[in-house]
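One file, target_26.txt, is given below (compact mmCIF, C-alpha atoms).
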# COMPACT_ATOMS: atom_id res chain seq x y z
CA MET A 1 -2.80 -21.73 3.86
CA LEU A 2 -2.70 -18.86 6.33
CA GLY A 3 0.94 -19.61 7.09
CA GLU A 4 1.80 -19.52 3.39
CA LEU A 5 0.07 -16.18 2.95
CA ALA A 6 1.93 -14.63 5.88
CA GLU A 7 5.20 -16.05 4.56
CA HIS A 8 4.53 -14.61 1.10
CA TYR A 9 3.80 -11.17 2.58
CA ALA A 10 6.83 -11.32 4.87
CA ASN A 11 9.14 -12.23 1.99
CA ALA A 12 7.82 -9.31 -0.07
CA LEU A 13 8.41 -6.93 2.84
CA LYS A 14 11.95 -8.19 3.37
CA THR A 15 12.98 -7.04 -0.10
CA TYR A 16 12.42 -3.35 0.76
CA ASP A 17 11.92 -2.96 -2.99
CA ARG A 18 9.60 -0.02 -3.65
CA ALA A 19 7.95 -1.68 -6.66
CA GLU A 20 7.34 -4.82 -4.61
CA LEU A 21 5.88 -2.74 -1.76
CA VAL A 22 3.56 -0.91 -4.15
CA GLU A 23 2.44 -4.19 -5.70
CA LEU A 24 1.89 -5.80 -2.30
CA THR A 25 -0.02 -2.82 -0.93
CA MET A 26 -2.21 -2.54 -4.01
CA SER A 27 -2.99 -6.27 -4.12
CA ILE A 28 -3.96 -6.37 -0.44
CA TYR A 29 -6.01 -3.18 -0.83
CA ALA A 30 -7.83 -4.70 -3.84
CA LYS A 31 -8.52 -7.83 -1.79
CA LYS A 32 -9.90 -5.68 1.03
CA ARG A 33 -12.24 -3.81 -1.33
CA GLU A 34 -13.44 -7.05 -2.88
CA LEU A 35 -14.17 -8.58 0.51
CA GLU A 36 -15.96 -5.43 1.66
CA GLY A 37 -18.09 -5.58 -1.48
CA GLN A 38 -19.03 -9.14 -0.58
CA ARG A 39 -19.60 -8.08 3.04
CA GLN A 40 -16.89 -10.44 4.22
CA LYS A 41 -14.34 -9.80 6.93
CA PHE A 42 -10.85 -8.61 6.00
CA GLY A 43 -8.30 -10.89 7.64
CA THR A 44 -5.97 -9.78 10.41
CA VAL A 45 -2.94 -11.14 8.54
CA ASP A 46 -3.83 -9.05 5.50
CA GLU A 47 -4.47 -5.99 7.67
CA ARG A 48 -1.19 -6.34 9.54
CA PHE A 49 0.93 -6.76 6.42
CA MET A 50 -0.87 -4.00 4.52
CA LYS A 51 -0.12 -1.58 7.36
CA ARG A 52 3.53 -2.62 7.47
CA ALA A 53 3.92 -2.29 3.70
CA GLU A 54 2.29 1.13 3.83
CA GLU A 55 4.62 2.21 6.65
CA LEU A 56 7.67 1.24 4.62
CA LEU A 57 6.37 2.66 1.35
CA PHE A 58 5.08 5.91 2.86
CA GLY A 59 8.39 6.41 4.64
CA GLU A 60 10.26 6.03 1.34
CA LEU A 61 7.88 8.38 -0.44
CA ALA A 62 8.02 10.97 2.33
CA ALA A 63 11.80 11.08 2.10
CA ALA A 64 11.79 11.25 -1.69
CA LEU A 65 9.10 13.93 -1.83
CA GLY A 66 10.39 15.94 1.13
CA ILE A 67 7.03 15.85 2.91
CA PRO A 68 6.01 14.51 6.32
CA ARG A 69 5.06 10.83 6.33
CA GLU A 70 1.54 11.70 7.53
CA GLU A 71 0.93 13.71 4.35
CA VAL A 72 1.79 10.87 1.96
CA PRO A 73 -1.71 9.29 1.80
CA ARG A 74 -3.24 12.68 0.96
CA TYR A 75 -0.54 13.33 -1.61
CA ILE A 76 -1.24 9.98 -3.29
CA GLU A 77 -4.99 10.61 -3.30
CA ALA A 78 -4.50 14.05 -4.84
CA ARG A 79 -2.18 12.66 -7.52
CA LEU A 80 -4.68 9.94 -8.41
CA GLU A 81 -7.46 12.51 -8.70
CA ARG A 82 -5.40 15.04 -10.71
CA PRO A 83 -2.44 13.34 -12.38
CA GLY A 84 0.22 15.58 -13.89
CA GLU A 85 -0.76 18.83 -12.14
CA ASP A 86 2.60 19.38 -10.48
CA GLY A 87 4.47 18.74 -13.72
CA GLY A 88 6.02 15.50 -12.46
CA ASP A 89 4.08 13.33 -14.89
CA ALA A 90 4.35 15.59 -17.91
CA GLU A 91 5.90 13.94 -20.93
CA ALA A 92 8.78 15.73 -22.61
Represent the structure of the file as structure tokens.
Amino acid sequence: MLGELAEHYANALKTYDRAELVELTMSIYAKKRELEGQRQKFGTVDERFMKRAEELLFGELAAALGIPREEVPRYIEARLERPGEDGGDAEA
């Protein structure tokens, strides 16, 4: 099973599709939170692929937003806390 999981993650990363990267990152993050809630260990395969997906996704977002890659996690957190403040989410 572990081999299948790693293969699934690797195939998702190979697409370099932003939507696929977001989905992968969010699903692994949700799995991590669930396991933490159950006081179970988060697997090294999950950790490794989540970090790689974040690297790819954050690099894409940094380029699109014109901000340093290191600022992307803070930017995402701020947007989740206060959606629409910069006008980017406002409906016309």
- Excluding Ile28 (chain A) and any residue of its chain fewer than 6 positions from it, enumerate the residues within 12 Å of it, using only C-alpha atoms, and give them as a PyMOL selection string. chain A and resi 5-6+8-9+21-22+34-35+42-54
- Item | Atom pair CA of Tyr16 (chain A) / CA of Tyr29 (chain A): separation (Å) |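 Between these atoms lies a distance of 18.5 Å.
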- Task: Find the residue from A:Glu81, A:Ala12, A:Gly59, A:Arg74 that sits nearest to Ser27 (chain A); use only C-alpha atoms when measuring.
- Result: A:Ala12
- Between CA of Ala62 (chain A) and CA of Glu7 (chain A), measure the distance and give it in Å to one decimal.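 Atom-to-atom, CA of Ala62 (chain A) and CA of Glu7 (chain A) are spaced 27.3 Å apart.
Distances to Arg18 (chain A) were evaluated for A:Leu65, A:Ala30, A:Ile76, A:Leu56 using all atoms listed in the file, and the minimum falls at A:Leu56.
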- Task: Quick one: pull the distance between CA of Leu61 (chain A) and CA of Asn11 (chain A), Å, one decimal.
- Result: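 Rounded to one decimal, the two atoms are 20.8 Å apart.
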Repair of region 28-42 of chain A at the level of N, CA and C atoms, as a PDB file, in the coordinates of the input:
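Generated output (selection18.pdb):
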ATOM      1  N   ILE A  28      -3.223  -6.172  -1.699  1.00  0.00           N
ATOM      2  CA  ILE A  28      -3.960  -6.370  -0.440  1.00  0.00           C
ATOM      3  C   ILE A  28      -5.141  -5.400  -0.376  1.00  0.00           C
ATOM      4  N   TYR A  29      -4.930  -4.160  -0.826  1.00  0.00           N
ATOM      5  CA  TYR A  29      -6.010  -3.180  -0.830  1.00  0.00           C
ATOM      6  C   TYR A  29      -7.156  -3.647  -1.748  1.00  0.00           C
ATOM      7  N   ALA A  30      -6.805  -4.186  -2.919  1.00  0.00           N
ATOM      8  CA  ALA A  30      -7.830  -4.700  -3.840  1.00  0.00           C
ATOM      9  C   ALA A  30      -8.597  -5.861  -3.194  1.00  0.00           C
ATOM     10  N   LYS A  31      -7.873  -6.709  -2.495  1.00  0.00           N
ATOM     11  CA  LYS A  31      -8.520  -7.830  -1.790  1.00  0.00           C
ATOM     12  C   LYS A  31      -9.483  -7.305  -0.734  1.00  0.00           C
ATOM     13  N   LYS A  32      -9.056  -6.269  -0.015  1.00  0.00           N
ATOM     14  CA  LYS A  32      -9.900  -5.680   1.030  1.00  0.00           C
ATOM     15  C   LYS A  32     -11.183  -5.117   0.422  1.00  0.00           C
ATOM     16  N   ARG A  33     -11.057  -4.384  -0.678  1.00  0.00           N
ATOM     17  CA  ARG A  33     -12.240  -3.810  -1.330  1.00  0.00           C
ATOM     18  C   ARG A  33     -13.183  -4.894  -1.830  1.00  0.00           C
ATOM     19  N   GLU A  34     -12.619  -5.952  -2.386  1.00  0.00           N
ATOM     20  CA  GLU A  34     -13.440  -7.050  -2.880  1.00  0.00           C
ATOM     21  C   GLU A  34     -14.215  -7.709  -1.742  1.00  0.00           C
ATOM     22  N   LEU A  35     -13.521  -7.960  -0.643  1.00  0.00           N
ATOM     23  CA  LEU A  35     -14.170  -8.580   0.510  1.00  0.00           C
ATOM     24  C   LEU A  35     -15.252  -7.676   1.094  1.00  0.00           C
ATOM     25  N   GLU A  36     -14.965  -6.377   1.154  1.00  0.00           N
ATOM     26  CA  GLU A  36     -15.960  -5.430   1.660  1.00  0.00           C
ATOM     27  C   GLU A  36     -17.198  -5.430   0.766  1.00  0.00           C
ATOM     28  N   GLY A  37     -16.976  -5.528  -0.544  1.00  0.00           N
ATOM     29  CA  GLY A  37     -18.090  -5.580  -1.480  1.00  0.00           C
ATOM     30  C   GLY A  37     -18.949  -6.817  -1.305  1.00  0.00           C
ATOM     31  N   GLN A  38     -18.318  -7.885  -0.832  1.00  0.00           N
ATOM     32  CA  GLN A  38     -19.030  -9.140  -0.580  1.00  0.00           C
ATOM     33  C   GLN A  38     -19.492  -9.232   0.869  1.00  0.00           C
ATOM     34  N   ARG A  39     -19.253  -8.162   1.612  1.00  0.00           N
ATOM     35  CA  ARG A  39     -19.600  -8.080   3.040  1.00  0.00           C
ATOM     36  C   ARG A  39     -18.937  -9.208   3.844  1.00  0.00           C
ATOM     37  N   GLN A  40     -17.670  -9.458   3.488  1.00  0.00           N
ATOM     38  CA  GLN A  40     -16.890 -10.440   4.220  1.00  0.00           C
ATOM     39  C   GLN A  40     -15.815  -9.721   5.023  1.00  0.00           C
ATOM     40  N   LYS A  41     -15.340 -10.387   6.037  1.00  0.00           N
ATOM     41  CA  LYS A  41     -14.340  -9.800   6.930  1.00  0.00           C
ATOM     42  C   LYS A  41     -12.950  -9.828   6.289  1.00  0.00           C
ATOM     43  N   PHE A  42     -12.240  -8.725   6.442  1.00  0.00           N
ATOM     44  CA  PHE A  42     -10.850  -8.610   6.000  1.00  0.00           C
ATOM     45  C   PHE A  42      -9.976  -9.230   7.067  1.00  0.00           C
TER      46      PHE A  42
END
